[in-house]
Number of protein chains: 4
Amino acid sequence: MPTDSSTPTTYVDPFPPAGDDALLARAVALRPLLQADAVQRDKAGGRPVAQIALLKQQQLNAAAIAPRYGGDGASWVSILRVVRELARSDGSLAHLYGYQHLPLHTVLAKGTEEQQERWFSQAARDQWLWSNSGNSMSKTSKAKRVAGGWIVEGFRPFSSGSHVADVIHIAWEDAAGARLSGLIPADRAGIVIEDDWDGIGQTQTGSGTVSFHGVRVRDDEVLSDGTSPLSPFESVVSLLQQSVLANVFIGSAQGALDEAREYTVTQSRPWIHAGVARHIDDPWIQRSYGDLYIRTLAAAELAEDAAAHLDRAYALGRALDAETRGRVSIDLAAANVYAGETALDVTEKIFELMGARSATRARGYDRFWRNVRTHTLHNPAEYKKRTIGAWLLRHPYAPLGAYR
Amino acid sequence: MPTDSSTPTTYVDPFPPAGDDALLARAVALRPLLQADAVQRDKAGGRPVAQIALLKQQQLNAAAIAPRYGGDGASWVSILRVVRELARSDGSLAHLYGYQHLPLHTVLAKGTEEQQERWFSQAARDQWLWSNSGNSMSKTSKAKRVAGGWIVEGFRPFSSGSHVADVIHIAWEDAAGARLSGLIPADRAGIVIEDDWDGIGQTQTGSGTVSFHGVRVRDDEVLSDGTSPLSPFESVVSLLQQSVLANVFIGSAQGALDEAREYTVTQSRPWIHAGVARHIDDPWIQRSYGDLYIRTLAAAELAEDAAAHLDRAYALGRALDAETRGRVSIDLAAANVYAGETALDVTEKIFELMGARSATRARGYDRFWRNVRTHTLHNPAEYKKRTIGAWLLRHPYAPLGAYR
Amino acid sequence: MPTDSSTPTTYVDPFPPAGDDALLARAVALRPLLQADAVQRDKAGGRPVAQIALLKQQQLNAAAIAPRYGGDGASWVSILRVVRELARSDGSLAHLYGYQHLPLHTVLAKGTEEQQERWFSQAARDQWLWSNSGNSMSKTSKAKRVAGGWIVEGFRPFSSGSHVADVIHIAWEDAAGARLSGLIPADRAGIVIEDDWDGIGQTQTGSGTVSFHGVRVRDDEVLSDGTSPLSPFESVVSLLQQSVLANVFIGSAQGALDEAREYTVTQSRPWIHAGVARHIDDPWIQRSYGDLYIRTLAAAELAEDAAAHLDRAYALGRALDAETRGRVSIDLAAANVYAGETALDVTEKIFELMGARSATRARGYDRFWRNVRTHTLHNPAEYKKRTIGAWLLRHPYAPLGAYR
Amino acid sequence: MPTDSSTPTTYVDPFPPAGDDALLARAVALRPLLQADAVQRDKAGGRPVAQIALLKQQQLNAAAIAPRYGGDGASWVSILRVVRELARSDGSLAHLYGYQHLPLHTVLAKGTEEQQERWFSQAARDQWLWSNSGNSMSKTSKAKRVAGGWIVEGFRPFSSGSHVADVIHIAWEDAAGARLSGLIPADRAGIVIEDDWDGIGQTQTGSGTVSFHGVRVRDDEVLSDGTSPLSPFESVVSLLQQSVLANVFIGSAQGALDEAREYTVTQSRPWIHAGVARHIDDPWIQRSYGDLYIRTLAAAELAEDAAAHLDRAYALGRALDAETRGRVSIDLAAANVYAGETALDVTEKIFELMGARSATRARGYDRFWRNVRTHTLHNPAEYKKRTIGAWLLRHPYAPLGAYR
């Protein structure tokens with residue numbers, strides 16, 4: 001293995017942004033700003049207020065809203081690319097950005113025309129950040145009916161983004177156990193952000209508890225009547241969730257590869273017995289980077305294709321049937337599983353390629369692994385694989401519902 | 001894990017052919033014919049004469065030839081889909097079909113206009129099958145200059161397809177060690193197909209030795225002057241080779257999944273301690289099928305995207321520069337590595353999902369593994385990973401040449 | 001990576017036989033004889049009569065029989081080493097040798113003193129090969145009670161070794177569905193070896209069907225009264241089965257590594273872009289051999305330790321309790337799973353390290369993979385992992401029974 | 001998969017300590033004390049003074065010292081079990097405990113009888129903790145010769161344990177570049193512990209810089225004359241290093257499994273679509289625990305066996321030859337590689353088995369992964385695999401030296 005003495009060429013982006021995507025370009029423009037203090041923000045946790053302001057400044061928050069309300073009417077392909085791009089620098093911000101589309105979709109799927117008009121117009125004008133405080137695996141809030149609305153008591157865990165959002169989608173069970181929800185301003189009286197998020201990763205997502213102390217939700221803010229069965233279109237919310245997660249994983253892997261490569265090229269020294277003058281000439285290092293690139297590329301392509309399928313199905317709107325939704329759910333599940341597994345592997349392996357001196361708190365490269373490790377736990381790959389396998393083995397699609 | 005008592009639904013193709021690809025449709029139409037006796041043909045080895053006739057009947061062989069010569073002018077995306085489709089049933093036939101494009105490309109890259117006109121027109125009219133007997137890693141044939149041509153002596157190993165081809169691209173080294181080549185009819189005097197292919201897989205590819213006993217090659221059949229350096233466009237032959245291999249791997253994985261699924265749904269019995277009434281309800285079986293599907297899907301998408309990149313570069317023709325070719329080579333290398341690793345894994349794992357009774361010679365499911373195991377050895381993943389990693393680490397692209 | 005120009009040293013056995021094991025030494029002595037025509041025998045299938053004769057000549061068959069009957073009273077550690085050693089050359093023979101201990105154990109666990117005296121003495125004197133035709137997952141033979149015995153009709157699949165055995169342990173269900181069994185000479189009237197074994201591997205194990213056409217079993221040949229519940233000691237038969245399988249896997253992996261190494265050192269040529277003069281100097285090849293060695297070594301050590309645990313438990317004889325047996329079953333399950341996974345991987349990967357020319361039918365290296373692939377299907381790793389995990393998660397040991 | 005409603009049984013140690021190892025028993029006794037505040041200590045970093053005091057109180061530090069000096073004369077098998085045991089609770093402490101044997105061995109290999117008598121007696125009496133500040137990959141300290149000794153200036157990185165040690169083994173290069181070293185009290189004038197260790201894991205190892213400001217080393221404290229070539233026995237220091245690392249990895253994996261199991265049994269809830277009442281009944285969870293156990297067990301057995309080989313070679317003392325040392329190095333390399341890979345995987349996977357709520361800073365389970373990730377970087381598996389493969393391919397053993 002003769003040492004290659006060629007000079008490193010200039011920077012090439014191994015995952016170049018699609019050239020014709022204007023929305024994406026607005027996100028790419030933020031990359032240097034977001035990277036500048038990413039390590040410090042990961043350590044600090046708390047609220048990424050300045051970064052949310054950047055999203056608004058770049059007019060990114062209304063991407064999914066229809067042009068007639070003042071939004072971009074962007075495709076999911078495009079929006080999810082933004083999620084991926086943001087995660088290259090900051091997994092927390094990507095998560096917050098992406099997850100806001102869950103309540104936004106719910107308004108589209110279940111809101112009245114009046115609600116859509118009111119909220120979407122205002123959201124587009126003010127570049128609202130939306131959040132969700134209605135974790136579907138918990139049933140820890142309830143409400144009593146009052147004149148003109150509801151009074152909600154209790155709490156909801158895993159309320160990502162509520163600490164920085166403009167509006168919060170909250171949920172509760174009524175006396176009969178039916179789930180209802182509503183969209184309210186984040187500063188509504190009685191809302192308490194407990195600020196108790198203590199995850200090992202995704203430290204700025206504020207994914208902790210929101211408590212409801214007599215929170216009033218007006219009837220015209222209520223989205224669900226609690227009795228209608230989940231419709232295929234409504235349940236697309238699960239597909240969006242999976243799509244966001246997948247793209248946070250992929251962006252994290254890409255970001256980890258970016259930073260590792262930079263370190264490897266500029267800082268790493270060859271192993272004592274390598275017999276090469278430069279670390280980048282070690283066949284082990286080359287092969288390993290090649291391997292991580294291949295899988296990260298595959299993850300991105302699965303995600304792109306799945307998003308394109310989602311766009312086609314989404315265009316059907318409330319007419320979306322369970323069969324069409326089911327088929328899309330398969331490719332999204334595939335993309336999600338693959339993205340998570342790849343990102344875990346990439347974010348762990350980069351250290352071996354950089355060397356012992358890279359594993360310091362000051363460098364903060366471990367944030368990628370901690371982010372992915374944390375986030376992948378919310379959507380077990382095991383069950384997605386079973387869903388796919390069941391379909392392949394000619395079972396009907398799984399019933400509509402959370403995480404499916 | 002409650003047993004799901006739902007009835008298996010009807011057959012769904014997990015890898016549906018692109019709906020708008022007419023060339024591909026002509027290949028898909030052959031599927032039942034090719035599957036009918038695939039096991040027997042694998043055992044018999046030898047010459048798939050009837051199957052080659054089917055390719056001709058479906059007008060598949062002239063796909064790459066420009067319409068002005070009577071061909072389809074099909075994209076590489078489309079041609080490689082045909083390779084993949086054929087490999088779902090028969091890896092050998094897919095190999096023969098795909099590899100013929102290597103000499104065909106060489107004529108485009110190095111042939112004179114007259115040669116192209118003559119050969120392409122005839123090939124399109126008669127649906128020639130082309131083959132190659134000029135393995136670039138061997139230098140075991142030589143030729144002497146005679147009036148109006150060359151007389152070739154020696155042999156060349158790994159001459160896939162020469163046993164069933166209409167024309168053979170043969171190569172030799174001249175006295176100075178320069179490589180020359182020419183295209184001649186397969187029945188040219190002095191050509192001896194040694195019929196010594198003894199691979200554990202790809203048994204009908206005839207990838208054995210061709211001996212040259214005073215084989216005359218006329219000057220107007222010679223393609224290389226042996227002195228000009230390899231051009232970027234000419235060296236696309238390596239990219240085509242990798243592309244064909246990748247798609248044979250993927251098609252083999254898809255075919256293995258097809259047959260395994262059919263067996264699992266209709267034949268397999270649950271494991272003694274499974275606690276489920278049907279094997280297809282075992283969460284292990286579902287998860288495992290899900291896992292294999294995800295990777296096979298990823299492999300196909302990497303290959304599709306890489307082929308699209310190849311098409312864009314290929315459109316430049318002889319103007320293709322090394323930089324553009326280099327970037328395409330990265331994605332093709334990625335697709336090739338991923339396809340090979342996935343296909344090895346899928347073709348091995350299917351037995352676990354079918355159960356002990358599936359592993360018989362009569363069933364012949366092991367042919368998928370044997371095919372992939374054999375074929376992957378001709379293009380080590382290790383070196384492709386290094387090529388990719390080197391690029392990522394800002395080395396210049398590797399010099400043009402075989403397997404790169 | 002400077003090429004190491006050192007001369008290859010002389011042969012070193014990477015898995016040296018334990019120096020103080022006389023039984024094992026008798027098996028090691030057969031290695032060259034068994035290797036000489038191993039490829040041909042794999043192809044031929046059928047009956048390894050000459051090889052069985054070698055086992056008898058080396059006095060290997062009575063290893064497990066107590067010295068008071070004329071046997072060696074060897075430990076399971078030692079007997080299983082013999083299985084492993086035989087599998088280095090011939091997985092079929094190792095299987096036949098190992099599996100004979102299942103019926104032999106059943107006689108020890110359930111036979112009367114008179115039966116043990118009679119059979120063990122004769123077996124030791126004549127070096128009987130025992131076999132089994134009582135697959136516990138099938139219930140395809142039945143018997144009617146006659147004066148002094150039973151008349152058995154039906155058949156049993158997967159009757160490994162019955163085609164070359166001296167005695168056969170056959171089983172049937174009585175009218176009430178209870179399982180009974182008996183030990184009879186292989187040439188007993190009515191026994192028909194169907195010779196229908198068609199596995200892709202383990203081709204000489206004769207693991208096909210044995211049909212029973214009015215086969216008489218005398219009362220003094222009957223081993224089970226069909227009513228007593230399975231005792232912990234009796235159920236050790238499952239542990240022996242797993243142990244034999246595990247050691248066949250490991251021996252197969254060792255044999256594959258042996259032959260691959262020999263080929264790599266003496267035949268393989270470096271890859272075209274390797275930049276090293278000898279294939280054995282390629283860091284890829286070195287690393288890959290290192291990796292396969294590590295896992296094969298780990299597999300052997302797990303198996304050795306598990307066998308030692310088995311010996312300790314076995315010494316309790318019929319006093320063995322379910323708890324002690326349960327704990328041993330965990331380590332045997334671990335050894336079995338690990339051995340199978342490792343052997344599959346090793347036997348597949350060797351081809352990459354040898355290169356394209358190694359994958360021929362004449363070389364026959366694929367027999368290792370085919371053997372392991374076939375044999376691993378009889379004992380799914382998934383369920384063994386669950387068994388171990390359940391124990392770790394503080395479930396009681398699984399009920400006694402087959403494959404546990 | 002019927003839910004198993006059995007009550008969890010009482011705690012069973014899946015990796016029980018060898019019953020007849022008195023030294024180990026003294027370490028096991030510390031387990032509850034070390035576990036009590038392990039999470040807090042990981043966060044605090046700094047100096048584990050109280051824990052070092054526990055080691056001394058349990059008389060663990062003089063284990064390797066010969067009985068004639070007042071030590072235990074324990075085997076490496078036994079000492080390395082202690083390392084493993086400590087790492088189950090605290091990887092940093094295990095590292096400090098284990099690494100002290102490197103300088104201790106150097107005194108045995110290179111010290112005069114007088115030095116051994118003096119230092120070993122005192123160490124045994126006072127339960128010294130030894131440390132090392134002579135990283136062999138750096139050449140950042142030098143010394144000038146003065147009457148009766150040397151004056152050392154400079155620094156050395158990766159000086160694990162120097163912040164809590166009683167004595168420090170320091171190294172420098174002389175004017176000719178030869179490496180010398182000496183053993184001095186940790187409070188010798190001029191020694192400055194920079195307290196700059198900032199690793200993402202192993203936070204209490206103090207593996208930062210030690211600066212030397214005119215540090216005097218007396219001639220009777222000097223261990224190397226800087227001219228004699230490295231002897232096989234002396235170079236055992238590399239084998240000890242690898243052994244310690246391997247056992248820290250394994251103990252970390254065991255500790256991670258311990259804590260994960262406890263959480264899973266007592267805290268985890270089944271996944272929303274699991275269809276089982278208890279998380280421990282999910283076949284996925286059972287299988288996954290089974291898988292992690294198998295590999296952790298294999299790692300421990302490889303390490304035990306390798307340590308036994310080390311003990312046999314070590315008994316030869318200064319008469320140890322390069323060939324014998326070489327063979328031992330292979331099994332130690334195998335154990336080290338396997339331990340590192342297994343520990344990385346186990347410490348990452350536990351989160352999936354516990355669920356999303358486990359991944360908090362308060363729980364601190366991520367310390368296992370951070371510890372292993374940090375520590376594995378100091379001994380790349382790639383090069384150990386090459387070392388093993390080279391031997392298998394009949395290269396001579398690698399030259400004596402660091403990390404080999």
# chains A, B, ... in the order shown; residues from 1 in each chain; ligands from 1

$ select_by_dssp --residues "segment 155-354 of chain C" --states "alpha helix (DSSP H)" --output "number ranges by chain"
C: 236-266, 283-314, 322-354

$ residues_around --residues "Trp197 of chain B" --least-positions-apart "5" --cutoff "7 Å" --atoms "only C-alpha atoms" --output "MDAnalysis selection string"
chainID B and resid 206:208

$ write_last_selection --atoms "C-alpha atoms" --output "PDB file, in the first residue's frame"
ATOM      1  CA  GLY B 206     -19.961 -19.777 -19.496  1.00  0.00           C
ATOM      2  CA  SER B 207     -17.360 -17.682 -17.738  1.00  0.00           C
ATOM      3  CA  GLY B 208     -14.524 -19.985 -18.685  1.00  0.00           C
TER       4      GLY B 208
END

$ atom_distance --atom1 "atom CA of Ser136 of chain D" --atom2 "atom CA of Thr106 of chain D"
13.5 Å

$ interface_residues --of "chain C" --to "chain A" --cutoff "12 Å" --atoms "only C-alpha atoms" --output "JSON, numbers by chain"
{"C": [1, 2, 3, 4, 270, 271, 272, 273, 274, 275, 276, 277, 278, 279, 281, 282, 283, 284, 285, 286, 287, 288]}

$ closest_residue --among "C:Glu85, C:Asp72, C:Asp13, C:Asp20" --to "Val244 of chain C" --atoms "only C-alpha atoms"
C:Glu85

$ residues_around --residues "Leu377 of chain D" --least-positions-apart "3" --cutoff "9 Å" --atoms "only C-alpha atoms" --output "PyMOL selection string"
(chain A and resi 351-352+355-357+359) or (chain D and resi 372-374+380-381)

$ write_last_selection --atoms "N, CA, C and O atoms" --output "PDB file, in the first residue's frame"
ATOM      1  N   PHE A 351     -15.348   8.250  16.014  1.00  0.00           N
ATOM      2  CA  PHE A 351     -14.240   8.409  16.952  1.00  0.00           C
ATOM      3  C   PHE A 351     -13.043   7.542  16.586  1.00  0.00           C
ATOM      4  O   PHE A 351     -11.895   7.941  16.733  1.00  0.00           O
ATOM      5  N   GLU A 352     -13.327   6.333  16.106  1.00  0.00           N
ATOM      6  CA  GLU A 352     -12.238   5.443  15.722  1.00  0.00           C
ATOM      7  C   GLU A 352     -11.439   6.032  14.572  1.00  0.00           C
ATOM      8  O   GLU A 352     -10.240   5.785  14.446  1.00  0.00           O
ATOM      9  N   GLY A 355      -9.488   9.256  16.180  1.00  0.00           N
ATOM     10  CA  GLY A 355      -8.430   8.909  17.122  1.00  0.00           C
ATOM     11  C   GLY A 355      -8.704   9.402  18.524  1.00  0.00           C
ATOM     12  O   GLY A 355      -9.640  10.167  18.774  1.00  0.00           O
ATOM     13  N   ALA A 356      -7.860   8.955  19.460  1.00  0.00           N
ATOM     14  CA  ALA A 356      -8.116   9.126  20.886  1.00  0.00           C
ATOM     15  C   ALA A 356      -8.274  10.581  21.310  1.00  0.00           C
ATOM     16  O   ALA A 356      -9.036  10.897  22.217  1.00  0.00           O
ATOM     17  N   ARG A 357      -7.587  11.477  20.659  1.00  0.00           N
ATOM     18  CA  ARG A 357      -7.632  12.870  21.104  1.00  0.00           C
ATOM     19  C   ARG A 357      -8.941  13.579  20.736  1.00  0.00           C
ATOM     20  O   ARG A 357      -9.181  14.720  21.135  1.00  0.00           O
ATOM     21  N   ALA A 359     -11.948  12.532  21.496  1.00  0.00           N
ATOM     22  CA  ALA A 359     -13.071  12.192  22.384  1.00  0.00           C
ATOM     23  C   ALA A 359     -13.111  13.048  23.643  1.00  0.00           C
ATOM     24  O   ALA A 359     -13.166  12.553  24.760  1.00  0.00           O
TER      25      ALA A 359
ATOM     26  N   VAL D 372     -16.503   3.234  27.442  1.00  0.00           N
ATOM     27  CA  VAL D 372     -15.952   2.261  26.494  1.00  0.00           C
ATOM     28  C   VAL D 372     -15.491   2.956  25.216  1.00  0.00           C
ATOM     29  O   VAL D 372     -14.439   2.659  24.666  1.00  0.00           O
ATOM     30  N   ARG D 373     -16.318   3.902  24.776  1.00  0.00           N
ATOM     31  CA  ARG D 373     -15.955   4.630  23.554  1.00  0.00           C
ATOM     32  C   ARG D 373     -14.598   5.339  23.740  1.00  0.00           C
ATOM     33  O   ARG D 373     -13.748   5.328  22.843  1.00  0.00           O
ATOM     34  N   THR D 374     -14.404   5.933  24.868  1.00  0.00           N
ATOM     35  CA  THR D 374     -13.155   6.649  25.143  1.00  0.00           C
ATOM     36  C   THR D 374     -11.974   5.686  25.206  1.00  0.00           C
ATOM     37  O   THR D 374     -10.929   5.896  24.582  1.00  0.00           O
ATOM     38  N   PRO D 380      -6.357   0.575  18.634  1.00  0.00           N
ATOM     39  CA  PRO D 380      -7.280   0.279  17.522  1.00  0.00           C
ATOM     40  C   PRO D 380      -7.417  -1.209  17.186  1.00  0.00           C
ATOM     41  O   PRO D 380      -6.431  -1.908  16.952  1.00  0.00           O
ATOM     42  N   ALA D 381      -8.643  -1.657  17.142  1.00  0.00           N
ATOM     43  CA  ALA D 381      -8.937  -3.053  16.815  1.00  0.00           C
ATOM     44  C   ALA D 381      -8.379  -3.434  15.447  1.00  0.00           C
ATOM     45  O   ALA D 381      -7.921  -4.557  15.235  1.00  0.00           O
TER      46      ALA D 381
END

$ residues_around --residues "Thr209 of chain A" --least-positions-apart "4" --cutoff "8 Å" --atoms "only C-alpha atoms" --output "list in words"
Phe155, Arg156, Pro157, Phe158, Ser159, Ile193, Glu194, Asp195, Asp196 and Trp197 of chain A

$ write_last_selection --atoms "N, CA, C and O atoms" --output "PDB file, in the first residue's frame"
ATOM      1  N   PHE A 155     -51.188  16.918  33.056  1.00  0.00           N
ATOM      2  CA  PHE A 155     -49.895  17.211  32.417  1.00  0.00           C
ATOM      3  C   PHE A 155     -49.709  16.264  31.243  1.00  0.00           C
ATOM      4  O   PHE A 155     -50.469  15.298  31.082  1.00  0.00           O
ATOM      5  N   ARG A 156     -48.701  16.509  30.452  1.00  0.00           N
ATOM      6  CA  ARG A 156     -48.339  15.636  29.341  1.00  0.00           C
ATOM      7  C   ARG A 156     -46.817  15.618  29.240  1.00  0.00           C
ATOM      8  O   ARG A 156     -46.186  16.697  29.267  1.00  0.00           O
ATOM      9  N   PRO A 157     -46.232  14.425  29.142  1.00  0.00           N
ATOM     10  CA  PRO A 157     -44.771  14.345  29.042  1.00  0.00           C
ATOM     11  C   PRO A 157     -44.324  14.516  27.589  1.00  0.00           C
ATOM     12  O   PRO A 157     -45.164  14.580  26.687  1.00  0.00           O
ATOM     13  N   PHE A 158     -43.041  14.542  27.380  1.00  0.00           N
ATOM     14  CA  PHE A 158     -42.431  14.565  26.035  1.00  0.00           C
ATOM     15  C   PHE A 158     -43.031  15.655  25.142  1.00  0.00           C
ATOM     16  O   PHE A 158     -43.386  15.410  23.997  1.00  0.00           O
ATOM     17  N   SER A 159     -43.170  16.852  25.716  1.00  0.00           N
ATOM     18  CA  SER A 159     -43.798  17.970  24.996  1.00  0.00           C
ATOM     19  C   SER A 159     -42.756  18.808  24.272  1.00  0.00           C
ATOM     20  O   SER A 159     -42.599  20.008  24.543  1.00  0.00           O
ATOM     21  N   ILE A 193     -44.568  25.298  31.702  1.00  0.00           N
ATOM     22  CA  ILE A 193     -43.493  24.496  31.116  1.00  0.00           C
ATOM     23  C   ILE A 193     -42.576  24.080  32.269  1.00  0.00           C
ATOM     24  O   ILE A 193     -41.965  24.937  32.906  1.00  0.00           O
ATOM     25  N   GLU A 194     -42.532  22.789  32.542  1.00  0.00           N
ATOM     26  CA  GLU A 194     -41.833  22.371  33.763  1.00  0.00           C
ATOM     27  C   GLU A 194     -40.316  22.409  33.631  1.00  0.00           C
ATOM     28  O   GLU A 194     -39.594  22.290  34.618  1.00  0.00           O
ATOM     29  N   ASP A 195     -39.862  22.498  32.408  1.00  0.00           N
ATOM     30  CA  ASP A 195     -38.424  22.639  32.187  1.00  0.00           C
ATOM     31  C   ASP A 195     -37.643  21.496  32.850  1.00  0.00           C
ATOM     32  O   ASP A 195     -36.624  21.693  33.489  1.00  0.00           O
ATOM     33  N   ASP A 196     -38.190  20.306  32.714  1.00  0.00           N
ATOM     34  CA  ASP A 196     -37.579  19.154  33.378  1.00  0.00           C
ATOM     35  C   ASP A 196     -36.968  18.164  32.371  1.00  0.00           C
ATOM     36  O   ASP A 196     -36.745  17.004  32.696  1.00  0.00           O
ATOM     37  N   TRP A 197     -36.724  18.609  31.170  1.00  0.00           N
ATOM     38  CA  TRP A 197     -36.123  17.712  30.194  1.00  0.00           C
ATOM     39  C   TRP A 197     -34.671  17.445  30.572  1.00  0.00           C
ATOM     40  O   TRP A 197     -33.902  18.372  30.800  1.00  0.00           O
TER      41      TRP A 197
END

$ atom_distance --atom1 "atom CA of His375 of chain B" --atom2 "atom CA of Gln242 of chain B"
11.0 Å

$ residues_around --residues "Trp172 of chain C" --least-positions-apart "5" --cutoff "8 Å" --atoms "only C-alpha atoms" --output "list of chain:residue names"
C:Gly134, C:Lys139, C:Thr140, C:Ser141, C:Lys142, C:Ala143, C:Val152, C:Arg179, C:Leu180, C:Ser181

$ select_by_dssp --residues "segment 141-378 of chain D" --states "strand (DSSP E or B)" --output "ChimeraX atom specification"
/D:141-146,149-156,167-173,179-185,191-193,199,210-218,222,360

$ write_last_selection --atoms "C-alpha atoms" --output "PDB file, in the first residue's frame"
ATOM      1  CA  SER D 141      10.030  15.270  28.010  1.00  0.00           C
ATOM      2  CA  LYS D 142      13.780  15.361  28.259  1.00  0.00           C
ATOM      3  CA  ALA D 143      16.374  15.354  30.978  1.00  0.00           C
ATOM      4  CA  LYS D 144      19.852  16.485  31.639  1.00  0.00           C
ATOM      5  CA  ARG D 145      22.368  14.424  33.510  1.00  0.00           C
ATOM      6  CA  VAL D 146      23.429  15.815  36.862  1.00  0.00           C
ATOM      7  CA  GLY D 149      20.690  11.549  38.694  1.00  0.00           C
ATOM      8  CA  TRP D 150      18.677  13.480  36.155  1.00  0.00           C
ATOM      9  CA  ILE D 151      16.683  16.669  35.998  1.00  0.00           C
ATOM     10  CA  VAL D 152      13.563  16.186  33.889  1.00  0.00           C
ATOM     11  CA  GLU D 153      11.755  18.933  32.003  1.00  0.00           C
ATOM     12  CA  GLY D 154       8.728  18.803  29.748  1.00  0.00           C
ATOM     13  CA  PHE D 155       5.460  16.950  30.000  1.00  0.00           C
ATOM     14  CA  ARG D 156       3.709  13.716  29.115  1.00  0.00           C
ATOM     15  CA  VAL D 167       4.278   6.810  42.944  1.00  0.00           C
ATOM     16  CA  ILE D 168       4.673   7.821  39.320  1.00  0.00           C
ATOM     17  CA  HIS D 169       6.651   6.116  36.608  1.00  0.00           C
ATOM     18  CA  ILE D 170       7.960   8.935  34.445  1.00  0.00           C
ATOM     19  CA  ALA D 171       9.819   8.697  31.172  1.00  0.00           C
ATOM     20  CA  TRP D 172      12.001  10.946  29.103  1.00  0.00           C
ATOM     21  CA  GLU D 173      14.251  10.816  26.106  1.00  0.00           C
ATOM     22  CA  ARG D 179      13.950   6.406  26.277  1.00  0.00           C
ATOM     23  CA  LEU D 180      14.711   6.269  30.016  1.00  0.00           C
ATOM     24  CA  SER D 181      12.385   6.095  32.937  1.00  0.00           C
ATOM     25  CA  GLY D 182      12.262   6.204  36.688  1.00  0.00           C
ATOM     26  CA  LEU D 183       9.928   5.683  39.594  1.00  0.00           C
ATOM     27  CA  ILE D 184       9.426   8.613  41.941  1.00  0.00           C
ATOM     28  CA  PRO D 185       7.020   9.637  44.668  1.00  0.00           C
ATOM     29  CA  ILE D 191       5.695  17.406  39.370  1.00  0.00           C
ATOM     30  CA  VAL D 192       2.599  19.281  38.312  1.00  0.00           C
ATOM     31  CA  ILE D 193      -0.634  17.436  37.617  1.00  0.00           C
ATOM     32  CA  GLY D 199     -12.505  12.918  28.051  1.00  0.00           C
ATOM     33  CA  VAL D 210       1.759  15.802  33.881  1.00  0.00           C
ATOM     34  CA  SER D 211       4.341  18.538  33.603  1.00  0.00           C
ATOM     35  CA  PHE D 212       7.871  18.193  34.823  1.00  0.00           C
ATOM     36  CA  HIS D 213       9.528  21.356  36.106  1.00  0.00           C
ATOM     37  CA  GLY D 214      13.042  20.391  37.021  1.00  0.00           C
ATOM     38  CA  VAL D 215      11.990  17.085  38.470  1.00  0.00           C
ATOM     39  CA  ARG D 216      14.934  15.295  40.025  1.00  0.00           C
ATOM     40  CA  VAL D 217      15.228  11.562  39.512  1.00  0.00           C
ATOM     41  CA  ARG D 218      17.960   9.883  41.521  1.00  0.00           C
ATOM     42  CA  VAL D 222      16.175   5.039  37.272  1.00  0.00           C
ATOM     43  CA  THR D 360     -31.632  10.756  31.063  1.00  0.00           C
TER      44      THR D 360
END

$ atom_distance --atom1 "atom CA of Ser138 of chain A" --atom2 "atom CA of Ala176 of chain A"
15.6 Å

$ residues_around --residues "Trp391 of chain B" --least-positions-apart "2" --cutoff "10 Å" --atoms "only C-alpha atoms" --output "PyMOL selection string"
(chain A and resi 8-9+12+14+286+289-290) or (chain B and resi 326-327+330+385-389+393-398)

$ residues_around --residues "Gln115 of chain A" --least-positions-apart "5" --cutoff "12 Å" --atoms "only C-alpha atoms" --output "MDAnalysis selection string"
chainID A and resid 69 104 106:110 120:123 182:184 219:223

$ closest_residue --among "C:Tyr338, C:Tyr314, C:Tyr293, C:Tyr97" --to "Leu54 of chain C" --atoms "only C-alpha atoms"
C:Tyr97
